[in-house]
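final-v1.csv follows; it contains CSV, C-alpha atoms.
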chain,number,residue,atom,x,y,z
H,1156,MET,CA,-199.7,88.6,2.4
H,1157,GLY,CA,-195.9,88.4,2.3
H,1158,ARG,CA,-194.0,85.3,1.4
H,1159,TRP,CA,-194.3,82.0,3.2
H,1160,GLU,CA,-191.8,81.8,6.1
H,1161,PRO,CA,-190.8,78.3,7.2
H,1162,ASN,CA,-191.9,77.6,10.8
H,1163,ALA,CA,-192.6,81.3,11.5
H,1164,ARG,CA,-194.7,80.5,14.4
H,1165,GLY,CA,-192.1,78.4,16.1
H,1166,ARG,CA,-189.3,80.9,15.4
H,1167,LEU,CA,-191.4,83.7,16.9
H,1168,GLN,CA,-192.2,81.6,20.0
H,1169,GLN,CA,-188.5,80.7,20.5
H,1170,ALA,CA,-187.4,84.4,20.0
H,1171,ALA,CA,-190.0,85.7,22.4
H,1172,LEU,CA,-189.1,83.2,25.1
H,1173,ASP,CA,-185.4,84.0,24.7
H,1174,LEU,CA,-186.1,87.8,25.0
H,1175,TYR,CA,-188.5,87.4,27.9
H,1176,ILE,CA,-185.7,85.5,29.8
H,1177,GLU,CA,-182.9,87.8,28.8
H,1178,ARG,CA,-184.6,91.2,29.3
H,1179,GLY,CA,-187.8,90.5,31.1
H,1180,TYR,CA,-191.3,90.2,29.7
H,1181,GLY,CA,-192.2,93.8,30.4
H,1182,GLN,CA,-189.1,95.1,28.6
H,1183,THR,CA,-189.7,93.2,25.4
H,1184,THR,CA,-191.5,94.6,22.4
H,1185,VAL,CA,-193.2,92.8,19.5
H,1186,ALA,CA,-190.8,94.6,17.1
H,1187,GLU,CA,-187.8,93.1,19.0
H,1188,ILE,CA,-189.4,89.6,18.9
H,1189,ALA,CA,-189.9,89.8,15.1
H,1190,ARG,CA,-186.4,91.1,14.6
H,1191,ARG,CA,-184.8,88.3,16.7
H,1192,ALA,CA,-186.8,85.8,14.7
H,1193,GLY,CA,-185.7,87.4,11.4
H,1194,LEU,CA,-189.4,88.1,10.6
H,1195,THR,CA,-191.6,91.2,10.3
H,1196,GLU,CA,-194.0,92.6,12.9
H,1197,ARG,CA,-196.7,91.9,10.3
H,1198,THR,CA,-195.8,88.2,10.3
H,1199,PHE,CA,-195.9,88.3,14.1
H,1200,PHE,CA,-199.5,89.6,14.1
H,1201,ARG,CA,-200.5,87.0,11.6
H,1202,HIS,CA,-199.7,84.4,14.3
H,1203,PHE,CA,-200.4,86.1,17.6
H,1204,ALA,CA,-202.7,88.8,18.9
H,1205,ASP,CA,-200.0,90.3,21.2
H,1206,LYS,CA,-196.8,89.4,23.0
H,1207,ARG,CA,-198.7,87.8,25.9
H,1208,GLU,CA,-200.5,85.4,23.6
H,1209,VAL,CA,-197.2,83.9,22.4
H,1210,LEU,CA,-197.0,82.3,25.9
H,1211,PHE,CA,-200.6,80.9,25.6
H,1212,ALA,CA,-200.5,79.5,22.1
H,1213,GLY,CA,-201.9,76.0,22.1
H,1214,SER,CA,-204.4,76.7,24.9
H,1215,ASP,CA,-207.4,76.1,22.7
H,1216,GLU,CA,-205.9,72.8,21.4
H,1217,LEU,CA,-205.2,71.7,24.9
H,1218,ARG,CA,-208.7,72.4,26.0
H,1219,GLU,CA,-210.1,70.6,23.0
H,1220,LEU,CA,-207.8,67.6,23.8
H,1221,PHE,CA,-209.1,67.4,27.4
H,1222,ALA,CA,-212.7,67.7,26.3
H,1223,SER,CA,-212.5,65.2,23.4
H,1224,THR,CA,-210.6,62.6,25.5
H,1225,VAL,CA,-213.2,62.8,28.3
H,1226,ALA,CA,-215.9,62.4,25.6
H,1227,ALA,CA,-214.2,59.4,24.0
H,1228,ALA,CA,-213.8,57.4,27.2
H,1229,PRO,CA,-215.9,54.2,27.3
H,1230,ALA,CA,-219.5,54.9,28.5
H,1231,THR,CA,-218.8,52.5,31.4
H,1232,ALA,CA,-215.7,54.4,32.6
H,1233,ALA,CA,-216.0,56.1,36.0
H,1234,PRO,CA,-215.8,59.9,35.7
H,1235,ILE,CA,-212.4,60.1,37.4
H,1236,ASP,CA,-211.1,57.5,34.9
H,1237,ALA,CA,-212.4,59.5,32.0
H,1238,VAL,CA,-210.5,62.5,33.4
H,1239,ALA,CA,-207.4,60.4,34.0
H,1240,ALA,CA,-207.4,59.4,30.4
H,1241,ALA,CA,-207.5,63.1,29.5
H,1242,LEU,CA,-204.6,63.8,31.8
H,1243,ASP,CA,-202.6,61.1,30.1
H,1244,ALA,CA,-203.4,62.5,26.7
H,1245,ALA,CA,-202.4,66.0,27.8
H,1246,ALA,CA,-199.1,64.7,29.4
H,1247,ASP,CA,-198.3,62.9,26.2
H,1248,SER,CA,-198.9,66.2,24.2
H,1249,PHE,CA,-196.1,67.9,26.3
H,1250,ARG,CA,-193.6,65.0,25.9
H,1251,GLU,CA,-191.1,66.8,23.7
H,1252,ARG,CA,-191.6,70.2,25.3
H,1253,ARG,CA,-190.0,70.0,28.7
H,1254,ASP,CA,-187.3,72.6,28.0
H,1255,HIS,CA,-189.8,75.0,26.5
H,1256,ALA,CA,-192.2,74.5,29.4
H,1257,ARG,CA,-189.4,75.1,32.0
H,1258,ARG,CA,-188.4,78.3,30.3
H,1259,ARG,CA,-192.0,79.4,30.1
H,1260,GLN,CA,-192.7,78.7,33.7
H,1261,GLY,CA,-189.7,80.8,34.6
H,1262,VAL,CA,-191.2,83.8,32.7
H,1263,LEU,CA,-194.6,83.3,34.3
H,1264,ALA,CA,-193.0,83.1,37.8
H,1265,ALA,CA,-191.7,86.6,37.4
H,1266,ASN,CA,-194.9,88.3,36.3
H,1267,ALA,CA,-198.2,88.5,38.2
H,1268,GLU,CA,-200.3,89.4,35.1
H,1269,LEU,CA,-199.1,86.3,33.3
H,1270,GLN,CA,-199.9,84.2,36.4
H,1271,GLU,CA,-203.5,85.5,36.3
H,1272,ARG,CA,-203.7,84.6,32.6
H,1273,GLU,CA,-202.4,81.1,33.4
H,1274,LEU,CA,-205.1,80.7,36.1
H,1275,THR,CA,-207.7,81.7,33.5
H,1276,LYS,CA,-206.4,79.1,31.1
H,1277,LEU,CA,-206.6,76.4,33.8
H,1278,ALA,CA,-210.1,77.5,34.7
H,1279,GLY,CA,-211.0,77.2,31.0
H,1280,LEU,CA,-209.6,73.6,31.0
H,1281,SER,CA,-211.7,72.8,34.1
H,1282,ALA,CA,-214.9,74.2,32.6
H,1283,ALA,CA,-214.3,72.2,29.4
H,1284,VAL,CA,-213.8,69.0,31.3
H,1285,ALA,CA,-216.9,69.7,33.5
H,1286,ASP,CA,-218.9,70.3,30.3
H,1287,ALA,CA,-217.7,67.0,28.8
H,1288,LEU,CA,-218.6,65.2,32.0
H,1289,ARG,CA,-222.1,66.6,32.0
H,1290,ARG,CA,-222.5,65.5,28.4
H,1291,ARG,CA,-221.7,62.0,29.7
H,1292,GLY,CA,-224.6,62.3,32.1
H,1293,LEU,CA,-222.8,63.2,35.3
H,1294,PRO,CA,-224.8,65.8,37.3
H,1295,GLU,CA,-223.6,68.8,39.1
H,1296,PRO,CA,-221.8,69.3,41.5
H,1297,ALA,CA,-220.0,66.1,40.7
H,1298,ALA,CA,-219.0,67.2,37.2
H,1299,SER,CA,-217.4,70.5,38.3
H,1300,LEU,CA,-215.8,68.9,41.3
H,1301,THR,CA,-214.3,66.0,39.3
H,1302,ALA,CA,-213.1,68.5,36.7
H,1303,GLU,CA,-211.5,70.8,39.2
H,1304,ALA,CA,-209.8,67.9,40.9
H,1305,GLY,CA,-208.4,66.7,37.6
H,1306,ILE,CA,-207.1,70.1,36.6
H,1307,ALA,CA,-205.5,70.5,40.1
H,1308,VAL,CA,-203.7,67.2,39.5
H,1309,PHE,CA,-202.5,68.4,36.2
H,1310,LYS,CA,-201.4,71.8,37.6
H,1311,VAL,CA,-199.5,70.3,40.5
H,1312,ALA,CA,-197.9,67.6,38.3
H,1313,PHE,CA,-196.9,70.1,35.7
H,1314,GLU,CA,-195.2,72.4,38.2
H,1315,ARG,CA,-193.2,69.4,39.5
H,1316,TRP,CA,-192.3,68.4,36.0
H,1317,THR,CA,-190.9,71.8,35.2
H,1318,ALA,CA,-188.9,72.0,38.5
H,1319,ALA,CA,-185.2,72.2,37.9
H,1320,ALA,CA,-184.1,68.9,39.6
H,1321,GLU,CA,-187.1,66.8,38.4
H,1322,THR,CA,-186.3,64.0,35.9
H,1323,ARG,CA,-189.5,61.9,35.9
H,1324,ASP,CA,-191.9,62.0,33.0
H,1325,LEU,CA,-195.0,64.2,33.2
H,1326,SER,CA,-197.2,61.2,32.8
H,1327,ASP,CA,-195.6,59.5,35.8
H,1328,LEU,CA,-196.0,62.6,37.9
H,1329,VAL,CA,-199.6,62.9,36.8
H,1330,HIS,CA,-200.3,59.3,37.9
H,1331,GLU,CA,-198.5,59.9,41.2
H,1332,SER,CA,-200.4,63.1,41.9
H,1333,LEU,CA,-203.8,61.5,41.0
H,1334,ASP,CA,-203.0,58.5,43.4
H,1335,GLU,CA,-202.0,61.0,46.0
H,1336,LEU,CA,-205.2,62.9,45.7
H,1337,LYS,CA,-207.3,59.7,45.9
H,1338,SER,CA,-205.5,58.7,49.0
H,1339,MET,CA,-205.8,62.2,50.6
H,1340,THR,CA,-209.6,62.3,50.1
H,1341,LYS,CA,-210.2,58.7,50.8
H,1342,CYS,CA,-208.6,58.4,54.3
H,1343,ALA,CA,-211.0,60.8,56.0
H,1344,ASP,CA,-214.3,59.8,57.6
O,441,MET,CA,-207.7,113.2,58.2
O,442,GLY,CA,-211.3,114.4,58.0
O,443,ARG,CA,-214.0,113.5,60.5
O,444,TRP,CA,-214.8,110.0,61.5
O,445,GLU,CA,-217.6,108.6,59.3
O,446,PRO,CA,-219.7,105.9,60.8
O,447,ASN,CA,-219.3,102.6,58.9
O,448,ALA,CA,-217.8,104.4,55.9
O,449,ARG,CA,-216.3,101.1,54.6
O,450,GLY,CA,-219.6,99.3,54.6
O,451,ARG,CA,-221.4,102.3,53.0
O,452,LEU,CA,-218.8,102.5,50.3
O,453,GLN,CA,-219.1,98.8,49.5
O,454,GLN,CA,-222.9,99.0,49.4
O,455,ALA,CA,-222.8,102.1,47.1
O,456,ALA,CA,-220.2,100.5,44.8
O,457,LEU,CA,-222.2,97.3,44.4
O,458,ASP,CA,-225.4,99.2,43.7
O,459,LEU,CA,-223.6,101.3,41.0
O,460,TYR,CA,-221.9,98.3,39.5
O,461,ILE,CA,-225.2,96.6,39.1
O,462,GLU,CA,-227.1,99.7,37.9
O,463,ARG,CA,-224.6,101.0,35.4
O,464,GLY,CA,-221.9,98.3,35.0
O,465,TYR,CA,-218.6,98.0,36.6
O,466,GLY,CA,-216.7,99.7,33.8
O,467,GLN,CA,-219.0,102.7,33.7
O,468,THR,CA,-218.7,103.5,37.4
O,469,THR,CA,-216.1,105.9,38.9
O,470,VAL,CA,-214.7,106.3,42.4
O,471,ALA,CA,-216.2,109.8,42.5
O,472,GLU,CA,-219.7,108.4,41.9
O,473,ILE,CA,-219.2,105.7,44.5
O,474,ALA,CA,-218.2,108.2,47.1
O,475,ARG,CA,-221.0,110.5,46.2
O,476,ARG,CA,-223.6,107.7,46.4
O,477,ALA,CA,-222.3,106.8,49.8
O,478,GLY,CA,-222.4,110.5,51.0
O,479,LEU,CA,-218.6,110.5,51.5
O,480,THR,CA,-215.6,112.0,49.8
O,481,GLU,CA,-213.2,110.4,47.3
O,482,ARG,CA,-210.5,110.9,50.0
O,483,THR,CA,-212.4,108.7,52.4
O,484,PHE,CA,-212.8,106.1,49.6
O,485,PHE,CA,-209.1,106.0,49.2
O,486,ARG,CA,-208.5,105.6,52.9
O,487,HIS,CA,-210.4,102.3,52.7
O,488,PHE,CA,-209.7,100.9,49.2
O,489,ALA,CA,-206.9,101.2,46.7
O,490,ASP,CA,-209.2,101.4,43.7
O,491,LYS,CA,-212.7,100.5,42.6
O,492,ARG,CA,-211.8,96.9,41.9
O,493,GLU,CA,-210.5,96.3,45.4
O,494,VAL,CA,-214.0,97.1,46.9
O,495,LEU,CA,-215.0,93.7,45.5
O,496,PHE,CA,-212.1,92.0,47.1
O,497,ALA,CA,-212.1,93.5,50.6
O,498,GLY,CA,-211.8,90.8,53.1
O,499,SER,CA,-209.6,88.5,51.0
O,500,ASP,CA,-206.7,88.8,53.4
O,501,GLU,CA,-208.9,88.0,56.3
O,502,LEU,CA,-210.4,85.0,54.5
O,503,ARG,CA,-206.9,83.6,53.7
O,504,GLU,CA,-205.9,84.1,57.3
O,505,LEU,CA,-209.0,82.3,58.5
O,506,PHE,CA,-208.3,79.3,56.2
O,507,ALA,CA,-204.6,79.2,57.3
O,508,SER,CA,-205.2,79.6,61.0
O,509,THR,CA,-208.1,77.0,61.1
O,510,VAL,CA,-205.9,74.4,59.3
O,511,ALA,CA,-203.1,75.2,61.8
O,512,ALA,CA,-205.4,74.9,64.8
O,513,ALA,CA,-206.8,71.4,63.8
O,514,PRO,CA,-205.8,68.6,66.2
O,515,ALA,CA,-202.4,67.1,65.3
O,516,THR,CA,-204.1,63.8,64.9
O,517,ALA,CA,-206.6,65.1,62.3
O,518,ALA,CA,-206.2,63.8,58.8
O,519,PRO,CA,-205.2,66.6,56.3
O,520,ILE,CA,-208.6,66.6,54.6
O,521,ASP,CA,-210.3,67.0,57.9
O,522,ALA,CA,-208.1,70.0,58.8
O,523,VAL,CA,-209.2,71.5,55.5
O,524,ALA,CA,-212.8,70.6,56.1
O,525,ALA,CA,-212.6,72.5,59.4
O,526,ALA,CA,-211.3,75.5,57.5
O,527,LEU,CA,-214.2,75.2,55.0
O,528,ASP,CA,-216.7,75.2,57.9
O,529,ALA,CA,-215.1,78.3,59.4
O,530,ALA,CA,-215.1,80.1,56.0
O,531,ALA,CA,-218.8,79.1,55.4
O,532,ASP,CA,-219.7,80.4,58.8
O,533,SER,CA,-218.0,83.8,58.1
O,534,PHE,CA,-220.3,84.2,55.1
O,535,ARG,CA,-223.5,83.4,57.0
O,536,GLU,CA,-225.0,86.8,57.0
O,537,ARG,CA,-223.7,87.9,53.6
O,538,ARG,CA,-225.7,85.8,51.1
O,539,ASP,CA,-227.4,88.8,49.5
O,540,HIS,CA,-224.2,90.7,49.2
O,541,ALA,CA,-222.4,87.6,47.8
O,542,ARG,CA,-225.2,87.1,45.2
O,543,ARG,CA,-224.9,90.7,44.0
O,544,ARG,CA,-221.2,90.5,43.9
O,545,GLN,CA,-221.2,87.2,41.9
O,546,GLY,CA,-223.5,89.0,39.4
O,547,VAL,CA,-221.0,91.8,38.9
O,548,LEU,CA,-218.1,89.3,38.5
O,549,ALA,CA,-220.1,87.2,36.0
O,550,ALA,CA,-220.2,90.2,33.6
O,551,ASN,CA,-216.5,91.1,33.7
O,552,ALA,CA,-213.6,89.0,32.6
O,553,GLU,CA,-211.0,91.1,34.4
O,554,LEU,CA,-212.8,90.6,37.7
O,555,GLN,CA,-213.1,86.9,37.1
O,556,GLU,CA,-209.3,86.7,36.7
O,557,ARG,CA,-208.9,88.6,39.9
O,558,GLU,CA,-211.2,86.2,41.6
O,559,LEU,CA,-209.2,83.2,40.4
O,560,THR,CA,-206.1,84.9,41.8
O,561,LYS,CA,-207.8,85.2,45.1
O,562,LEU,CA,-208.8,81.6,45.1
O,563,ALA,CA,-205.2,80.6,44.2
O,564,GLY,CA,-204.0,82.6,47.1
O,565,LEU,CA,-206.4,80.7,49.4
O,566,SER,CA,-205.1,77.4,48.0
O,567,ALA,CA,-201.4,78.5,48.5
O,568,ALA,CA,-202.1,79.5,52.1
O,569,VAL,CA,-203.8,76.2,52.9
O,570,ALA,CA,-201.0,74.2,51.3
O,571,ASP,CA,-198.5,76.2,53.4
O,572,ALA,CA,-200.5,75.5,56.5
O,573,LEU,CA,-200.6,71.8,55.7
O,574,ARG,CA,-196.8,71.7,55.1
O,575,ARG,CA,-196.3,73.2,58.5
O,576,ARG,CA,-198.3,70.3,59.9
O,577,GLY,CA,-195.7,68.0,58.3
O,578,LEU,CA,-197.6,67.0,55.2
O,579,PRO,CA,-195.1,66.6,52.3
O,580,GLU,CA,-195.6,67.7,48.7
O,581,PRO,CA,-197.4,67.0,46.4
O,582,ALA,CA,-200.0,65.9,49.0
O,583,ALA,CA,-200.2,69.4,50.6
O,584,SER,CA,-200.9,71.2,47.4
O,585,LEU,CA,-203.3,68.6,46.1
O,586,THR,CA,-205.3,68.6,49.3
O,587,ALA,CA,-205.4,72.4,49.4
O,588,GLU,CA,-206.5,72.6,45.7
O,589,ALA,CA,-209.2,70.0,46.3
O,590,GLY,CA,-210.4,71.9,49.4
O,591,ILE,CA,-210.6,75.2,47.5
O,592,ALA,CA,-212.3,73.6,44.6
O,593,VAL,CA,-215.0,72.3,47.0
O,594,PHE,CA,-215.3,75.9,48.4
O,595,LYS,CA,-215.6,77.4,44.9
O,596,VAL,CA,-218.2,75.0,43.7
O,597,ALA,CA,-220.2,75.2,46.9
O,598,PHE,CA,-220.0,79.0,46.9
O,599,GLU,CA,-221.3,79.2,43.3
O,600,ARG,CA,-224.2,77.0,44.2
O,601,TRP,CA,-224.9,79.0,47.3
O,602,THR,CA,-225.2,82.2,45.3
O,603,ALA,CA,-227.4,80.7,42.6
O,604,ALA,CA,-230.8,82.3,42.4
O,605,ALA,CA,-233.0,79.3,43.4
O,606,GLU,CA,-230.7,77.8,46.1
O,607,THR,CA,-232.0,78.0,49.7
O,608,ARG,CA,-229.6,75.7,51.5
O,609,ASP,CA,-226.8,77.0,53.8
O,610,LEU,CA,-223.3,77.4,52.5
O,611,SER,CA,-222.1,75.0,55.2
O,612,ASP,CA,-224.5,72.3,54.0
O,613,LEU,CA,-223.4,72.8,50.4
O,614,VAL,CA,-219.8,72.6,51.4
O,615,HIS,CA,-220.3,69.3,53.2
O,616,GLU,CA,-222.3,67.9,50.3
O,617,SER,CA,-219.6,69.0,47.8
O,618,LEU,CA,-216.8,67.5,49.9
O,619,ASP,CA,-218.7,64.2,50.2
O,620,GLU,CA,-219.3,64.3,46.5
O,621,LEU,CA,-215.6,64.9,45.8
O,622,LYS,CA,-214.6,62.0,48.1
O,623,SER,CA,-217.1,59.7,46.4
O,624,MET,CA,-215.9,60.8,42.9
O,625,THR,CA,-212.2,60.1,43.7
O,626,LYS,CA,-212.8,57.0,45.8
O,627,CYS,CA,-214.9,54.9,43.4
O,628,ALA,CA,-212.1,54.6,40.8
O,629,ASP,CA,-209.6,51.7,40.6

Here is a file; write its structure as structure tokens.
Amino acid sequence: MGRWEPNARGRLQQAALDLYIERGYGQTTVAEIARRAGLTERTFFRHFADKREVLFAGSDELRELFASTVAAAPATAAPIDAVAAALDAAADSFRERRDHARRRQGVLAANAELQERELTKLAGLSAAVADALRRRGLPEPAASLTAEAGIAVFKVAFERWTAAAETRDLSDLVHESLDELKSMTKCAD
Amino acid sequence: MGRWEPNARGRLQQAALDLYIERGYGQTTVAEIARRAGLTERTFFRHFADKREVLFAGSDELRELFASTVAAAPATAAPIDAVAAALDAAADSFRERRDHARRRQGVLAANAELQERELTKLAGLSAAVADALRRRGLPEPAASLTAEAGIAVFKVAFERWTAAAETRDLSDLVHESLDELKSMTKCAD
């Protein structure tokens, strides 16, 4: 199994992101990522299925965080407030990772295949939130619509948070976007 | 250029969908689609880039319909109402295609790659609507959030419309979903 490498996972992620930015995602190989991290390819494949999945590590944990936070909201909480609690928890989980997130967004912006994968990740978050809402007794289509709206808020806030000139916290941007969505849907009819 | 074939495009779409359902998407070749339609491969490639794009024909027109309907809404219309008008126009454009849409959804449900492509199509619709809203003077993040909410309504309503037991019109389901979204986001705080 090879010797234990301190923080191999983090070093591989850092090396991958550096190379994707320097050379382009398409031009980078797993061998190069491992070499840059001072590790072997075998160690790489113990942590990631392929070079794409380096950029999507943590997706399962994020989905679980969304689902469990919605599930843990008080039974009396309105569905949108249960989703808002999940958005807060997710924002908090990214608190120390703004620089990483900005670099990652830059890599995604240059590659259509990675953007498709990101959309699939977001759809998975939405499906998990909808499922958690149904378990709270919310029927369809309300569950799916509330989940989709919540993930849209997260997506828009996250894109703003990673923009170059933006200095506000992700959680502030999430709250602002959620309020904005409420006001946009409320002022009609 | 070969002779003119009456409704070659429609015949190819029909043949492709038949084969995708009978044999599976992955097991079907362009040659088989052309043969089933009584046409040549060369004719196929005059209409579609590859076998995947048969399922996404009309995406550009749908995006254009969303964008132009948002643009054509009265200047005094609230953004969500401009989006609602686009949802109505889109629903109307699918009026005669429920059976086709149901069969297509069945093919997509069995193939992760096609689902990713569908998410990309929906993201393109959302981006076009957000752009049309910005041209109406709506700032960010309101434009993107309203667009995302509108496309979420369309997605959820479309999935219900293509469900086996559903008999209501797409436009009724769109209205119901939009009202549901408004009520879910309004009743908080």

Skipping near chain neighbours, those fewer than 5 positions away, what residues fall within 10 Å of region 1210-1220 of chain H using only C-alpha atoms, listed as a ChimeraX atom specification? /H:1164,1168,1171-1172,1202-1203,1205,1225-1226,1241-1242,1244-1245,1248-1249,1256,1259-1260,1262-1263,1269,1272-1273,1276-1277,1279-1284

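Once region 594-596 of chain O and its same-chain neighbours fewer than 2 positions away are set aside, Pro1296, Ser1299 and Leu1300 of chain H; Leu527, Ala530, Ala531, Leu562, Ala589, Gly590, Ile591, Ala592, Phe598, Glu599, Arg600, Trp601, Leu613, Val614, Ser617 and Leu618 of chain O remain within 9 Å of it when counting only C-alpha atoms.
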
Select, as a PDB file with C-alpha atoms, in the frame of the given file, those residues of chain H with any atom no more than 8 Å from chain O (distances computed using all atoms listed in the file).
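What ended up in iface37.pdb:
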ATOM      1  CA  ALA H1233    -216.000  56.100  36.000  1.00  0.00           C
ATOM      2  CA  PRO H1234    -215.800  59.900  35.700  1.00  0.00           C
ATOM      3  CA  ILE H1235    -212.400  60.100  37.400  1.00  0.00           C
ATOM      4  CA  ASP H1236    -211.100  57.500  34.900  1.00  0.00           C
ATOM      5  CA  GLU H1271    -203.500  85.500  36.300  1.00  0.00           C
ATOM      6  CA  ARG H1272    -203.700  84.600  32.600  1.00  0.00           C
ATOM      7  CA  LEU H1274    -205.100  80.700  36.100  1.00  0.00           C
ATOM      8  CA  THR H1275    -207.700  81.700  33.500  1.00  0.00           C
ATOM      9  CA  PRO H1296    -221.800  69.300  41.500  1.00  0.00           C
ATOM     10  CA  ALA H1297    -220.000  66.100  40.700  1.00  0.00           C
ATOM     11  CA  SER H1299    -217.400  70.500  38.300  1.00  0.00           C
ATOM     12  CA  LEU H1300    -215.800  68.900  41.300  1.00  0.00           C
ATOM     13  CA  THR H1301    -214.300  66.000  39.300  1.00  0.00           C
ATOM     14  CA  GLU H1303    -211.500  70.800  39.200  1.00  0.00           C
ATOM     15  CA  ALA H1304    -209.800  67.900  40.900  1.00  0.00           C
ATOM     16  CA  ALA H1307    -205.500  70.500  40.100  1.00  0.00           C
ATOM     17  CA  VAL H1308    -203.700  67.200  39.500  1.00  0.00           C
ATOM     18  CA  VAL H1311    -199.500  70.300  40.500  1.00  0.00           C
ATOM     19  CA  SER H1332    -200.400  63.100  41.900  1.00  0.00           C
ATOM     20  CA  GLU H1335    -202.000  61.000  46.000  1.00  0.00           C
ATOM     21  CA  LEU H1336    -205.200  62.900  45.700  1.00  0.00           C
ATOM     22  CA  LYS H1337    -207.300  59.700  45.900  1.00  0.00           C
ATOM     23  CA  MET H1339    -205.800  62.200  50.600  1.00  0.00           C
ATOM     24  CA  THR H1340    -209.600  62.300  50.100  1.00  0.00           C
ATOM     25  CA  LYS H1341    -210.200  58.700  50.800  1.00  0.00           C
ATOM     26  CA  CYS H1342    -208.600  58.400  54.300  1.00  0.00           C
ATOM     27  CA  ALA H1343    -211.000  60.800  56.000  1.00  0.00           C
TER      28      ALA H1343
END

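Atom pair CA of Asp1243 (chain H) / CA of Ser1326 (chain H): separated by 6.0 Å.
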
Sel. within 12 Å of pt (-192.8, 89.6, 18.4), counting only C-alpha atoms, output as a ChimeraX atom specification: /H:1163-1175,1180,1183-1210

Resulting file, chosen residues, C-alpha atoms, as a PDB file, keeping the file's coordinate frame:
ATOM      1  CA  ALA H1163    -192.600  81.300  11.500  1.00  0.00           C
ATOM      2  CA  ARG H1164    -194.700  80.500  14.400  1.00  0.00           C
ATOM      3  CA  GLY H1165    -192.100  78.400  16.100  1.00  0.00           C
ATOM      4  CA  ARG H1166    -189.300  80.900  15.400  1.00  0.00           C
ATOM      5  CA  LEU H1167    -191.400  83.700  16.900  1.00  0.00           C
ATOM      6  CA  GLN H1168    -192.200  81.600  20.000  1.00  0.00           C
ATOM      7  CA  GLN H1169    -188.500  80.700  20.500  1.00  0.00           C
ATOM      8  CA  ALA H1170    -187.400  84.400  20.000  1.00  0.00           C
ATOM      9  CA  ALA H1171    -190.000  85.700  22.400  1.00  0.00           C
ATOM     10  CA  LEU H1172    -189.100  83.200  25.100  1.00  0.00           C
ATOM     11  CA  ASP H1173    -185.400  84.000  24.700  1.00  0.00           C
ATOM     12  CA  LEU H1174    -186.100  87.800  25.000  1.00  0.00           C
ATOM     13  CA  TYR H1175    -188.500  87.400  27.900  1.00  0.00           C
ATOM     14  CA  TYR H1180    -191.300  90.200  29.700  1.00  0.00           C
ATOM     15  CA  THR H1183    -189.700  93.200  25.400  1.00  0.00           C
ATOM     16  CA  THR H1184    -191.500  94.600  22.400  1.00  0.00           C
ATOM     17  CA  VAL H1185    -193.200  92.800  19.500  1.00  0.00           C
ATOM     18  CA  ALA H1186    -190.800  94.600  17.100  1.00  0.00           C
ATOM     19  CA  GLU H1187    -187.800  93.100  19.000  1.00  0.00           C
ATOM     20  CA  ILE H1188    -189.400  89.600  18.900  1.00  0.00           C
ATOM     21  CA  ALA H1189    -189.900  89.800  15.100  1.00  0.00           C
ATOM     22  CA  ARG H1190    -186.400  91.100  14.600  1.00  0.00           C
ATOM     23  CA  ARG H1191    -184.800  88.300  16.700  1.00  0.00           C
ATOM     24  CA  ALA H1192    -186.800  85.800  14.700  1.00  0.00           C
ATOM     25  CA  GLY H1193    -185.700  87.400  11.400  1.00  0.00           C
ATOM     26  CA  LEU H1194    -189.400  88.100  10.600  1.00  0.00           C
ATOM     27  CA  THR H1195    -191.600  91.200  10.300  1.00  0.00           C
ATOM     28  CA  GLU H1196    -194.000  92.600  12.900  1.00  0.00           C
ATOM     29  CA  ARG H1197    -196.700  91.900  10.300  1.00  0.00           C
ATOM     30  CA  THR H1198    -195.800  88.200  10.300  1.00  0.00           C
ATOM     31  CA  PHE H1199    -195.900  88.300  14.100  1.00  0.00           C
ATOM     32  CA  PHE H1200    -199.500  89.600  14.100  1.00  0.00           C
ATOM     33  CA  ARG H1201    -200.500  87.000  11.600  1.00  0.00           C
ATOM     34  CA  HIS H1202    -199.700  84.400  14.300  1.00  0.00           C
ATOM     35  CA  PHE H1203    -200.400  86.100  17.600  1.00  0.00           C
ATOM     36  CA  ALA H1204    -202.700  88.800  18.900  1.00  0.00           C
ATOM     37  CA  ASP H1205    -200.000  90.300  21.200  1.00  0.00           C
ATOM     38  CA  LYS H1206    -196.800  89.400  23.000  1.00  0.00           C
ATOM     39  CA  ARG H1207    -198.700  87.800  25.900  1.00  0.00           C
ATOM     40  CA  GLU H1208    -200.500  85.400  23.600  1.00  0.00           C
ATOM     41  CA  VAL H1209    -197.200  83.900  22.400  1.00  0.00           C
ATOM     42  CA  LEU H1210    -197.000  82.300  25.900  1.00  0.00           C
TER      43      LEU H1210
END

Take CA of Thr516 (chain O) and CA of Leu573 (chain O) and report the distance between them in Å, one decimal.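 Distance between the two atoms: 12.7 Å.
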
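Distance-wise, CA of Ala1237 (chain H) and CA of Ala1222 (chain H) end up 10.0 Å apart.
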
Please define a box with edges along x, y and z of the file around all atoms of region 1249-1260 of chain H given in the file, extend it by 6 Å on each side, and return its centre and edge lengths in Å to one decimal, as lines of an AutoDock Vina configuration file.
center_x = -191.7
center_y = 72.2
center_z = 28.7
size_x = 20.8
size_y = 26.4
size_z = 22.0
